[in-house]
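File shown: upload.pdb (PDB, N, CA and C atoms).
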ATOM      1  N   MET A 182     -33.425  82.924  39.948
ATOM      2  CA  MET A 182     -33.812  81.589  39.560
ATOM      3  C   MET A 182     -33.172  81.222  38.224
ATOM      4  N   ARG A 183     -33.214  82.172  37.279
ATOM      5  CA  ARG A 183     -32.627  81.934  35.971
ATOM      6  C   ARG A 183     -31.119  81.713  36.107
ATOM      7  N   THR A 184     -30.471  82.473  36.975
ATOM      8  CA  THR A 184     -29.038  82.341  37.189
ATOM      9  C   THR A 184     -28.710  80.973  37.764
ATOM     10  N   ALA A 185     -29.500  80.514  38.712
ATOM     11  CA  ALA A 185     -29.266  79.195  39.304
ATOM     12  C   ALA A 185     -29.432  78.099  38.262
ATOM     13  N   PHE A 186     -30.456  78.241  37.412
ATOM     14  CA  PHE A 186     -30.686  77.250  36.360
ATOM     15  C   PHE A 186     -29.520  77.225  35.374
ATOM     16  N   LEU A 187     -29.099  78.395  34.931
ATOM     17  CA  LEU A 187     -27.989  78.464  33.988
ATOM     18  C   LEU A 187     -26.696  77.953  34.619
ATOM     19  N   SER A 188     -26.486  78.238  35.879
ATOM     20  CA  SER A 188     -25.293  77.755  36.567
ATOM     21  C   SER A 188     -25.296  76.236  36.651
ATOM     22  N   SER A 189     -26.448  75.661  36.970
ATOM     23  CA  SER A 189     -26.514  74.196  37.076
ATOM     24  C   SER A 189     -26.357  73.542  35.706
ATOM     25  N   MET A 190     -26.892  74.148  34.654
ATOM     26  CA  MET A 190     -26.723  73.606  33.297
ATOM     27  C   MET A 190     -25.255  73.679  32.874
ATOM     28  N   PHE A 191     -24.603  74.810  33.178
ATOM     29  CA  PHE A 191     -23.196  74.961  32.857
ATOM     30  C   PHE A 191     -22.364  73.916  33.598
ATOM     31  N   PHE A 192     -22.654  73.706  34.870
ATOM     32  CA  PHE A 192     -21.944  72.712  35.665
ATOM     33  C   PHE A 192     -22.137  71.307  35.081
ATOM     34  N   ALA A 193     -23.371  70.961  34.720
ATOM     35  CA  ALA A 193     -23.651  69.645  34.149
ATOM     36  C   ALA A 193     -22.911  69.462  32.827
ATOM     37  N   LEU A 194     -22.890  70.500  32.017
ATOM     38  CA  LEU A 194     -22.180  70.446  30.744
ATOM     39  C   LEU A 194     -20.684  70.236  30.964
ATOM     40  N   MET A 195     -20.107  70.957  31.895
ATOM     41  CA  MET A 195     -18.676  70.838  32.165
ATOM     42  C   MET A 195     -18.328  69.452  32.711
ATOM     43  N   VAL A 196     -19.169  68.911  33.577
ATOM     44  CA  VAL A 196     -18.929  67.569  34.113
ATOM     45  C   VAL A 196     -18.992  66.543  32.984
ATOM     46  N   GLY A 197     -19.959  66.704  32.108
ATOM     47  CA  GLY A 197     -20.081  65.788  30.978
ATOM     48  C   GLY A 197     -18.885  65.848  30.041
ATOM     49  N   ILE A 198     -18.419  67.044  29.761
ATOM     50  CA  ILE A 198     -17.274  67.210  28.863
ATOM     51  C   ILE A 198     -16.007  66.629  29.486
ATOM     52  N   THR A 199     -15.784  66.881  30.753
ATOM     53  CA  THR A 199     -14.575  66.344  31.377
ATOM     54  C   THR A 199     -14.647  64.827  31.473
ATOM     55  N   GLY A 200     -15.847  64.282  31.670
ATOM     56  CA  GLY A 200     -15.983  62.820  31.703
ATOM     57  C   GLY A 200     -15.648  62.206  30.359
ATOM     58  N   VAL A 201     -16.082  62.844  29.282
ATOM     59  CA  VAL A 201     -15.780  62.359  27.937
ATOM     60  C   VAL A 201     -14.299  62.505  27.646
ATOM     61  N   ALA A 202     -13.715  63.606  28.051
ATOM     62  CA  ALA A 202     -12.293  63.840  27.804
ATOM     63  C   ALA A 202     -11.437  62.802  28.511
ATOM     64  N   HIS A 203     -11.833  62.400  29.697
ATOM     65  CA  HIS A 203     -11.058  61.393  30.425
ATOM     66  C   HIS A 203     -11.338  59.994  29.915
ATOM     67  N   ALA A 204     -12.514  59.765  29.348
ATOM     68  CA  ALA A 204     -12.879  58.436  28.864
ATOM     69  C   ALA A 204     -12.301  58.150  27.489
ATOM     70  N   THR A 205     -12.024  59.181  26.716
ATOM     71  CA  THR A 205     -11.512  59.007  25.369
ATOM     72  C   THR A 205     -10.001  58.797  25.421
ATOM     73  N   PRO A 206      -9.503  57.707  24.796
ATOM     74  CA  PRO A 206      -8.056  57.486  24.824
ATOM     75  C   PRO A 206      -7.326  58.529  23.984
ATOM     76  N   ALA A 207      -6.160  58.866  24.429
ATOM     77  CA  ALA A 207      -5.342  59.837  23.707
ATOM     78  C   ALA A 207      -4.840  59.215  22.414
ATOM     79  N   ALA A 208      -4.506  60.040  21.454
ATOM     80  CA  ALA A 208      -3.997  59.554  20.179
ATOM     81  C   ALA A 208      -2.734  58.746  20.415
ATOM     82  N   GLY A 209      -2.676  57.572  19.835
ATOM     83  CA  GLY A 209      -1.510  56.715  19.991
ATOM     84  C   GLY A 209      -1.491  55.954  21.304
ATOM     85  N   ALA A 210      -2.603  55.974  22.031
ATOM     86  CA  ALA A 210      -2.662  55.273  23.319
ATOM     87  C   ALA A 210      -2.609  53.764  23.086
ATOM     88  N   VAL A 211      -2.000  53.070  23.995
ATOM     89  CA  VAL A 211      -1.864  51.625  23.909
ATOM     90  C   VAL A 211      -3.051  50.989  24.613
ATOM     91  N   GLU A 212      -3.573  49.926  24.018
ATOM     92  CA  GLU A 212      -4.683  49.203  24.632
ATOM     93  C   GLU A 212      -4.225  48.588  25.946
ATOM     94  N   PRO A 213      -5.134  48.411  26.885
ATOM     95  CA  PRO A 213      -4.762  47.799  28.158
ATOM     96  C   PRO A 213      -4.248  46.378  27.962
ATOM     97  N   VAL A 214      -3.272  46.007  28.756
ATOM     98  CA  VAL A 214      -2.679  44.680  28.670
ATOM     99  C   VAL A 214      -3.704  43.600  28.999
ATOM    100  N   VAL A 215      -4.608  43.877  29.917
ATOM    101  CA  VAL A 215      -5.615  42.896  30.325
ATOM    102  C   VAL A 215      -6.475  42.492  29.144
ATOM    103  N   ALA A 216      -6.906  43.453  28.312
ATOM    104  CA  ALA A 216      -7.746  43.143  27.159
ATOM    105  C   ALA A 216      -6.977  42.276  26.171
ATOM    106  N   MET A 217      -5.703  42.544  26.002
ATOM    107  CA  MET A 217      -4.908  41.756  25.069
ATOM    108  C   MET A 217      -4.706  40.339  25.589
ATOM    109  N   GLN A 218      -4.554  40.178  26.880
ATOM    110  CA  GLN A 218      -4.401  38.851  27.445
ATOM    111  C   GLN A 218      -5.687  38.059  27.304
ATOM    112  N   ALA A 219      -6.810  38.720  27.499
ATOM    113  CA  ALA A 219      -8.088  38.033  27.372
ATOM    114  C   ALA A 219      -8.267  37.522  25.953
ATOM    115  N   MET A 220      -7.833  38.296  24.983
ATOM    116  CA  MET A 220      -7.961  37.874  23.598
ATOM    117  C   MET A 220      -7.025  36.703  23.298
ATOM    118  N   SER A 221      -5.832  36.706  23.870
ATOM    119  CA  SER A 221      -4.885  35.638  23.574
ATOM    120  C   SER A 221      -5.254  34.337  24.280
ATOM    121  N   ASP A 222      -6.022  34.420  25.365
ATOM    122  CA  ASP A 222      -6.439  33.214  26.068
ATOM    123  C   ASP A 222      -7.601  32.511  25.383
ATOM    124  N   ALA A 223      -8.331  33.213  24.517
ATOM    125  CA  ALA A 223      -9.482  32.623  23.841
ATOM    126  C   ALA A 223      -8.995  31.581  22.835
ATOM    127  N   LYS A 224      -9.647  30.435  22.845
ATOM    128  CA  LYS A 224      -9.278  29.371  21.920
ATOM    129  C   LYS A 224     -10.257  29.361  20.754
ATOM    130  N   VAL A 225      -9.721  29.274  19.556
ATOM    131  CA  VAL A 225     -10.546  29.172  18.369
ATOM    132  C   VAL A 225     -10.635  27.691  18.007
ATOM    133  N   VAL A 226     -11.844  27.193  17.974
ATOM    134  CA  VAL A 226     -12.070  25.795  17.635
ATOM    135  C   VAL A 226     -12.083  25.679  16.124
ATOM    136  N   THR A 227     -11.332  24.732  15.580
ATOM    137  CA  THR A 227     -11.299  24.507  14.146
ATOM    138  C   THR A 227     -12.185  23.317  13.810
ATOM    139  N   ILE A 228     -13.064  23.517  12.841
ATOM    140  CA  ILE A 228     -13.995  22.482  12.414
ATOM    141  C   ILE A 228     -13.600  22.018  11.027
ATOM    142  N   ASN A 229     -13.332  20.736  10.882
ATOM    143  CA  ASN A 229     -13.046  20.156   9.571
ATOM    144  C   ASN A 229     -14.391  19.885   8.906
ATOM    145  N   ILE A 230     -14.718  20.654   7.889
ATOM    146  CA  ILE A 230     -16.025  20.511   7.250
ATOM    147  C   ILE A 230     -16.132  19.247   6.402
ATOM    148  N   ASN A 231     -15.026  18.540   6.221
ATOM    149  CA  ASN A 231     -15.075  17.260   5.503
ATOM    150  C   ASN A 231     -15.407  16.093   6.422
ATOM    151  N   THR A 232     -15.252  16.258   7.711
ATOM    152  CA  THR A 232     -15.502  15.147   8.634
ATOM    153  C   THR A 232     -16.545  15.452   9.704
ATOM    154  N   ALA A 233     -16.910  16.710   9.884
ATOM    155  CA  ALA A 233     -17.847  17.080  10.945
ATOM    156  C   ALA A 233     -19.256  16.581  10.637
ATOM    157  N   ASP A 234     -19.929  16.101  11.675
ATOM    158  CA  ASP A 234     -21.314  15.673  11.499
ATOM    159  C   ASP A 234     -22.250  16.872  11.692
ATOM    160  N   GLU A 235     -23.551  16.643  11.468
ATOM    161  CA  GLU A 235     -24.524  17.728  11.559
ATOM    162  C   GLU A 235     -24.535  18.388  12.938
ATOM    163  N   ALA A 236     -24.475  17.585  13.981
ATOM    164  CA  ALA A 236     -24.528  18.128  15.346
ATOM    165  C   ALA A 236     -23.334  19.037  15.621
ATOM    166  N   THR A 237     -22.164  18.649  15.179
ATOM    167  CA  THR A 237     -20.960  19.466  15.384
ATOM    168  C   THR A 237     -21.052  20.767  14.602
ATOM    169  N   LEU A 238     -21.508  20.696  13.366
ATOM    170  CA  LEU A 238     -21.647  21.899  12.552
ATOM    171  C   LEU A 238     -22.619  22.885  13.194
ATOM    172  N   GLN A 239     -23.735  22.367  13.697
ATOM    173  CA  GLN A 239     -24.725  23.217  14.369
ATOM    174  C   GLN A 239     -24.153  23.865  15.617
ATOM    175  N   ARG A 240     -23.479  23.077  16.410
ATOM    176  CA  ARG A 240     -22.980  23.538  17.705
ATOM    177  C   ARG A 240     -21.838  24.538  17.560
ATOM    178  N   GLU A 241     -20.956  24.324  16.625
ATOM    179  CA  GLU A 241     -19.725  25.111  16.552
ATOM    180  C   GLU A 241     -19.753  26.282  15.572
ATOM    181  N   LEU A 242     -20.638  26.251  14.599
ATOM    182  CA  LEU A 242     -20.653  27.312  13.596
ATOM    183  C   LEU A 242     -21.794  28.284  13.850
ATOM    184  N   SER A 243     -21.470  29.542  13.852
ATOM    185  CA  SER A 243     -22.446  30.594  14.106
ATOM    186  C   SER A 243     -23.371  30.752  12.900
ATOM    187  N   GLY A 244     -24.676  30.748  13.154
ATOM    188  CA  GLY A 244     -25.661  30.933  12.090
ATOM    189  C   GLY A 244     -26.013  29.662  11.356
ATOM    190  N   VAL A 245     -25.483  28.523  11.802
ATOM    191  CA  VAL A 245     -25.773  27.243  11.162
ATOM    192  C   VAL A 245     -26.667  26.438  12.092
ATOM    193  N   GLY A 246     -27.899  26.233  11.625
ATOM    194  CA  GLY A 246     -28.865  25.439  12.375
ATOM    195  C   GLY A 246     -28.995  24.062  11.740
ATOM    196  N   PRO A 247     -30.041  23.323  12.093
ATOM    197  CA  PRO A 247     -30.195  21.955  11.584
ATOM    198  C   PRO A 247     -30.331  21.873  10.065
ATOM    199  N   VAL A 248     -31.040  22.811   9.451
ATOM    200  CA  VAL A 248     -31.252  22.760   8.004
ATOM    201  C   VAL A 248     -29.942  23.023   7.255
ATOM    202  N   LYS A 249     -29.197  24.020   7.678
ATOM    203  CA  LYS A 249     -27.933  24.346   6.997
ATOM    204  C   LYS A 249     -26.880  23.273   7.258
ATOM    205  N   ALA A 250     -26.862  22.728   8.455
ATOM    206  CA  ALA A 250     -25.917  21.645   8.754
ATOM    207  C   ALA A 250     -26.217  20.441   7.880
ATOM    208  N   ARG A 251     -27.501  20.114   7.724
ATOM    209  CA  ARG A 251     -27.908  18.990   6.871
ATOM    210  C   ARG A 251     -27.520  19.266   5.413
ATOM    211  N   ALA A 252     -27.653  20.529   4.975
ATOM    212  CA  ALA A 252     -27.292  20.903   3.602
ATOM    213  C   ALA A 252     -25.785  20.766   3.374
ATOM    214  N   ILE A 253     -24.976  21.108   4.376
ATOM    215  CA  ILE A 253     -23.517  20.967   4.248
ATOM    216  C   ILE A 253     -23.142  19.499   4.104
ATOM    217  N   VAL A 254     -23.706  18.649   4.942
ATOM    218  CA  VAL A 254     -23.406  17.216   4.883
ATOM    219  C   VAL A 254     -23.907  16.627   3.568
ATOM    220  N   ALA A 255     -25.094  17.019   3.124
ATOM    221  CA  ALA A 255     -25.643  16.507   1.861
ATOM    222  C   ALA A 255     -24.785  16.931   0.674
ATOM    223  N   TYR A 256     -24.314  18.168   0.686
ATOM    224  CA  TYR A 256     -23.439  18.650  -0.388
ATOM    225  C   TYR A 256     -22.150  17.842  -0.420
ATOM    226  N   ARG A 257     -21.598  17.597   0.754
ATOM    227  CA  ARG A 257     -20.353  16.830   0.851
ATOM    228  C   ARG A 257     -20.542  15.417   0.350
ATOM    229  N   GLU A 258     -21.678  14.792   0.695
ATOM    230  CA  GLU A 258     -21.951  13.422   0.258
ATOM    231  C   GLU A 258     -22.198  13.351  -1.250
ATOM    232  N   ALA A 259     -22.814  14.389  -1.813
ATOM    233  CA  ALA A 259     -23.113  14.400  -3.247
ATOM    234  C   ALA A 259     -21.906  14.769  -4.104
ATOM    235  N   ASN A 260     -21.035  15.637  -3.593
ATOM    236  CA  ASN A 260     -19.938  16.173  -4.407
ATOM    237  C   ASN A 260     -18.548  15.754  -3.946
ATOM    238  N   GLY A 261     -18.456  14.988  -2.892
ATOM    239  CA  GLY A 261     -17.158  14.610  -2.353
ATOM    240  C   GLY A 261     -16.652  15.667  -1.377
ATOM    241  N   ASP A 262     -15.474  15.423  -0.848
ATOM    242  CA  ASP A 262     -14.898  16.332   0.140
ATOM    243  C   ASP A 262     -14.693  17.736  -0.437
ATOM    244  N   PHE A 263     -14.781  18.714   0.461
ATOM    245  CA  PHE A 263     -14.505  20.094   0.090
ATOM    246  C   PHE A 263     -13.015  20.231  -0.193
ATOM    247  N   VAL A 264     -12.681  20.900  -1.277
ATOM    248  CA  VAL A 264     -11.283  21.120  -1.632
ATOM    249  C   VAL A 264     -10.736  22.326  -0.862
ATOM    250  N   SER A 265     -11.560  23.366  -0.697
ATOM    251  CA  SER A 265     -11.178  24.545   0.078
ATOM    252  C   SER A 265     -12.404  25.015   0.856
ATOM    253  N   ILE A 266     -12.159  25.835   1.857
ATOM    254  CA  ILE A 266     -13.283  26.319   2.654
ATOM    255  C   ILE A 266     -14.192  27.231   1.831
ATOM    256  N   ASP A 267     -13.657  27.866   0.790
ATOM    257  CA  ASP A 267     -14.455  28.744  -0.062
ATOM    258  C   ASP A 267     -15.567  27.985  -0.777
ATOM    259  N   GLU A 268     -15.377  26.698  -0.969
ATOM    260  CA  GLU A 268     -16.383  25.875  -1.626
ATOM    261  C   GLU A 268     -17.664  25.788  -0.794
ATOM    262  N   LEU A 269     -17.573  26.077   0.474
ATOM    263  CA  LEU A 269     -18.748  26.074   1.352
ATOM    264  C   LEU A 269     -19.798  27.078   0.873
ATOM    265  N   LEU A 270     -19.373  28.122   0.170
ATOM    266  CA  LEU A 270     -20.300  29.118  -0.361
ATOM    267  C   LEU A 270     -21.234  28.528  -1.405
ATOM    268  N   GLU A 271     -20.906  27.381  -1.970
ATOM    269  CA  GLU A 271     -21.753  26.732  -2.962
ATOM    270  C   GLU A 271     -22.911  25.962  -2.326
ATOM    271  N   VAL A 272     -22.865  25.770  -1.028
ATOM    272  CA  VAL A 272     -23.934  25.073  -0.320
ATOM    273  C   VAL A 272     -25.131  26.005  -0.194
ATOM    274  N   LYS A 273     -26.319  25.497  -0.550
ATOM    275  CA  LYS A 273     -27.532  26.302  -0.461
ATOM    276  C   LYS A 273     -27.776  26.717   0.993
ATOM    277  N   GLY A 274     -27.975  28.017   1.198
ATOM    278  CA  GLY A 274     -28.226  28.538   2.534
ATOM    279  C   GLY A 274     -26.998  29.121   3.209
ATOM    280  N   ILE A 275     -25.820  28.861   2.676
ATOM    281  CA  ILE A 275     -24.584  29.413   3.239
ATOM    282  C   ILE A 275     -24.179  30.603   2.380
ATOM    283  N   GLY A 276     -24.353  31.777   2.922
ATOM    284  CA  GLY A 276     -23.998  32.994   2.207
ATOM    285  C   GLY A 276     -22.695  33.572   2.722
ATOM    286  N   LYS A 277     -22.344  34.694   2.154
ATOM    287  CA  LYS A 277     -21.079  35.346   2.504
ATOM    288  C   LYS A 277     -21.032  35.751   3.981
ATOM    289  N   VAL A 278     -22.164  36.193   4.533
ATOM    290  CA  VAL A 278     -22.183  36.640   5.931
ATOM    291  C   VAL A 278     -21.870  35.477   6.873
ATOM    292  N   ILE A 279     -22.535  34.361   6.686
ATOM    293  CA  ILE A 279     -22.288  33.191   7.541
ATOM    294  C   ILE A 279     -20.872  32.675   7.324
ATOM    295  N   PHE A 280     -20.437  32.653   6.073
ATOM    296  CA  PHE A 280     -19.084  32.191   5.772
ATOM    297  C   PHE A 280     -18.039  33.074   6.456
ATOM    298  N   ASP A 281     -18.171  34.382   6.328
ATOM    299  CA  ASP A 281     -17.206  35.316   6.935
ATOM    300  C   ASP A 281     -17.218  35.223   8.456
ATOM    301  N   ARG A 282     -18.386  35.016   9.032
ATOM    302  CA  ARG A 282     -18.510  34.909  10.493
ATOM    303  C   ARG A 282     -17.765  33.684  11.025
ATOM    304  N   ASN A 283     -17.653  32.642  10.198
ATOM    305  CA  ASN A 283     -17.050  31.384  10.637
ATOM    306  C   ASN A 283     -15.720  31.063   9.973
ATOM    307  N   ARG A 284     -15.215  31.947   9.154
ATOM    308  CA  ARG A 284     -14.005  31.698   8.350
ATOM    309  C   ARG A 284     -12.836  31.175   9.203
ATOM    310  N   ASP A 285     -12.611  31.754  10.374
ATOM    311  CA  ASP A 285     -11.467  31.363  11.209
ATOM    312  C   ASP A 285     -11.636  29.991  11.842
ATOM    313  N   LYS A 286     -12.845  29.456  11.843
ATOM    314  CA  LYS A 286     -13.108  28.163  12.449
ATOM    315  C   LYS A 286     -13.064  27.022  11.452
ATOM    316  N   LEU A 287     -13.037  27.323  10.164
ATOM    317  CA  LEU A 287     -13.175  26.301   9.131
ATOM    318  C   LEU A 287     -11.843  25.738   8.669
ATOM    319  N   ALA A 288     -11.865  24.441   8.379
ATOM    320  CA  ALA A 288     -10.691  23.762   7.834
ATOM    321  C   ALA A 288     -11.163  22.629   6.938
ATOM    322  N   VAL A 289     -10.289  22.188   6.021
ATOM    323  CA  VAL A 289     -10.624  21.071   5.132
ATOM    324  C   VAL A 289      -9.572  19.952   5.191
ATOM    325  N   ASN A 290      -8.662  20.004   6.126
ATOM    326  CA  ASN A 290      -7.577  19.010   6.184
ATOM    327  C   ASN A 290      -8.021  17.708   6.786
TER     328      ASN A 290
END
Could you rewrite the structure in this file as structure tokens?
Amino acid sequence: MRTAFLSSMFFALMVGITGVAHATPAAGAVEPVVAMQAMSDAKVVTININTADEATLQRELSGVGPVKARAIVAYREANGDFVSIDELLEVKGIGKVIFDRNRDKLAVN
């Protein structure tokens, strides 16, 4: 009984190791072409923070809800157009995490 148990554990261990060995890409392996095509087909929407309304800011920017969208518009109305996207960090409620998450979507032109 002990031999059968040890044999089955050894077999399970070997199956697990070979599965991991086959699943792990070799050093210097090239990513699949399909994954690269999927990434190139994705469109990045650019939001002009000087002209976008609250609804657009909410819909298109990750982590921006009604309160933060209203704060962005209020800041813009009080201080004029944003000179650079980095100025968005001065808006109350917009921190580095939200800014970094949306950096590729932001524009001021």
Polymer residues at most 7 Å from range 263-279 of chain A, only N, CA and C atoms, same-chain spacing of 4 or more positions, as an mmCIF file with N, CA and C atoms, in the coordinates of the input:
data_model
loop_
_atom_site.group_PDB
_atom_site.id
_atom_site.type_symbol
_atom_site.label_atom_id
_atom_site.label_comp_id
_atom_site.auth_asym_id
_atom_site.auth_seq_id
_atom_site.Cartn_x
_atom_site.Cartn_y
_atom_site.Cartn_z
ATOM 1 N N ILE A 230 -14.718 20.654 7.889
ATOM 2 C CA ILE A 230 -16.025 20.511 7.250
ATOM 3 C C ILE A 230 -16.132 19.247 6.402
ATOM 4 N N ASN A 231 -15.026 18.540 6.221
ATOM 5 C CA ASN A 231 -15.075 17.260 5.503
ATOM 6 C C ASN A 231 -15.407 16.093 6.422
ATOM 7 N N SER A 243 -21.470 29.542 13.852
ATOM 8 C CA SER A 243 -22.446 30.594 14.106
ATOM 9 C C SER A 243 -23.371 30.752 12.900
ATOM 10 N N GLY A 244 -24.676 30.748 13.154
ATOM 11 C CA GLY A 244 -25.661 30.933 12.090
ATOM 12 C C GLY A 244 -26.013 29.662 11.356
ATOM 13 N N LYS A 249 -29.197 24.020 7.678
ATOM 14 C CA LYS A 249 -27.933 24.346 6.997
ATOM 15 C C LYS A 249 -26.880 23.273 7.258
ATOM 16 N N ALA A 252 -27.653 20.529 4.975
ATOM 17 C CA ALA A 252 -27.292 20.903 3.602
ATOM 18 C C ALA A 252 -25.785 20.766 3.374
ATOM 19 N N ILE A 253 -24.976 21.108 4.376
ATOM 20 C CA ILE A 253 -23.517 20.967 4.248
ATOM 21 C C ILE A 253 -23.142 19.499 4.104
ATOM 22 N N TYR A 256 -24.314 18.168 0.686
ATOM 23 C CA TYR A 256 -23.439 18.650 -0.388
ATOM 24 C C TYR A 256 -22.150 17.842 -0.420
ATOM 25 N N ARG A 257 -21.598 17.597 0.754
ATOM 26 C CA ARG A 257 -20.353 16.830 0.851
ATOM 27 C C ARG A 257 -20.542 15.417 0.350
ATOM 28 N N ASN A 283 -17.653 32.642 10.198
ATOM 29 C CA ASN A 283 -17.050 31.384 10.637
ATOM 30 C C ASN A 283 -15.720 31.063 9.973
ATOM 31 N N ARG A 284 -15.215 31.947 9.154
ATOM 32 C CA ARG A 284 -14.005 31.698 8.350
ATOM 33 C C ARG A 284 -12.836 31.175 9.203
ATOM 34 N N LEU A 287 -13.037 27.323 10.164
ATOM 35 C CA LEU A 287 -13.175 26.301 9.131
ATOM 36 C C LEU A 287 -11.843 25.738 8.669
ATOM 37 N N ALA A 288 -11.865 24.441 8.379
ATOM 38 C CA ALA A 288 -10.691 23.762 7.834
ATOM 39 C C ALA A 288 -11.163 22.629 6.938
ATOM 40 N N VAL A 289 -10.289 22.188 6.021
ATOM 41 C CA VAL A 289 -10.624 21.071 5.132
ATOM 42 C C VAL A 289 -9.572 19.952 5.191
#
note - CA of Arg240 in chain A and CA of Asp262 in chain A are separated by 20.6 Å
Which residue of A:Ala233, A:Ala193, A:Val226, A:Leu242 approaches Arg282 in chain A most closely, using only N, CA and C atoms: A:Leu242
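Atom N of Thr232 in chain A sits 16.2 Å away from atom C of Val248 in chain A.
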Considering only strand (DSSP E) as DSSP defines it on the backbone, what residues of range 210-288 of chain A qualify? List them as a PyMOL selection string. chain A and resi 228-229+287-288
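Straight-line separation from CA of Asn260 in chain A to CA of Val245 in chain A: 20.0 Å.
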Counting only N, CA and C atoms, I want the residues whose atoms come within 6 Å of (-22.7, 20.0, 9.8) in the file frame, returned as number ranges by chain. A: 233-239, 249-251, 253-254
So that all listed atoms of range 259-278 of chain A fit with 5 Å spare on each side, what axis-aligned box centre and edge lengths in Å, to one decimal, would you give as AutoDock Vina command-line options?
--center_x -19.5 --center_y 25.5 --center_z 1.2 --size_x 27.5 --size_y 32.3 --size_z 21.3
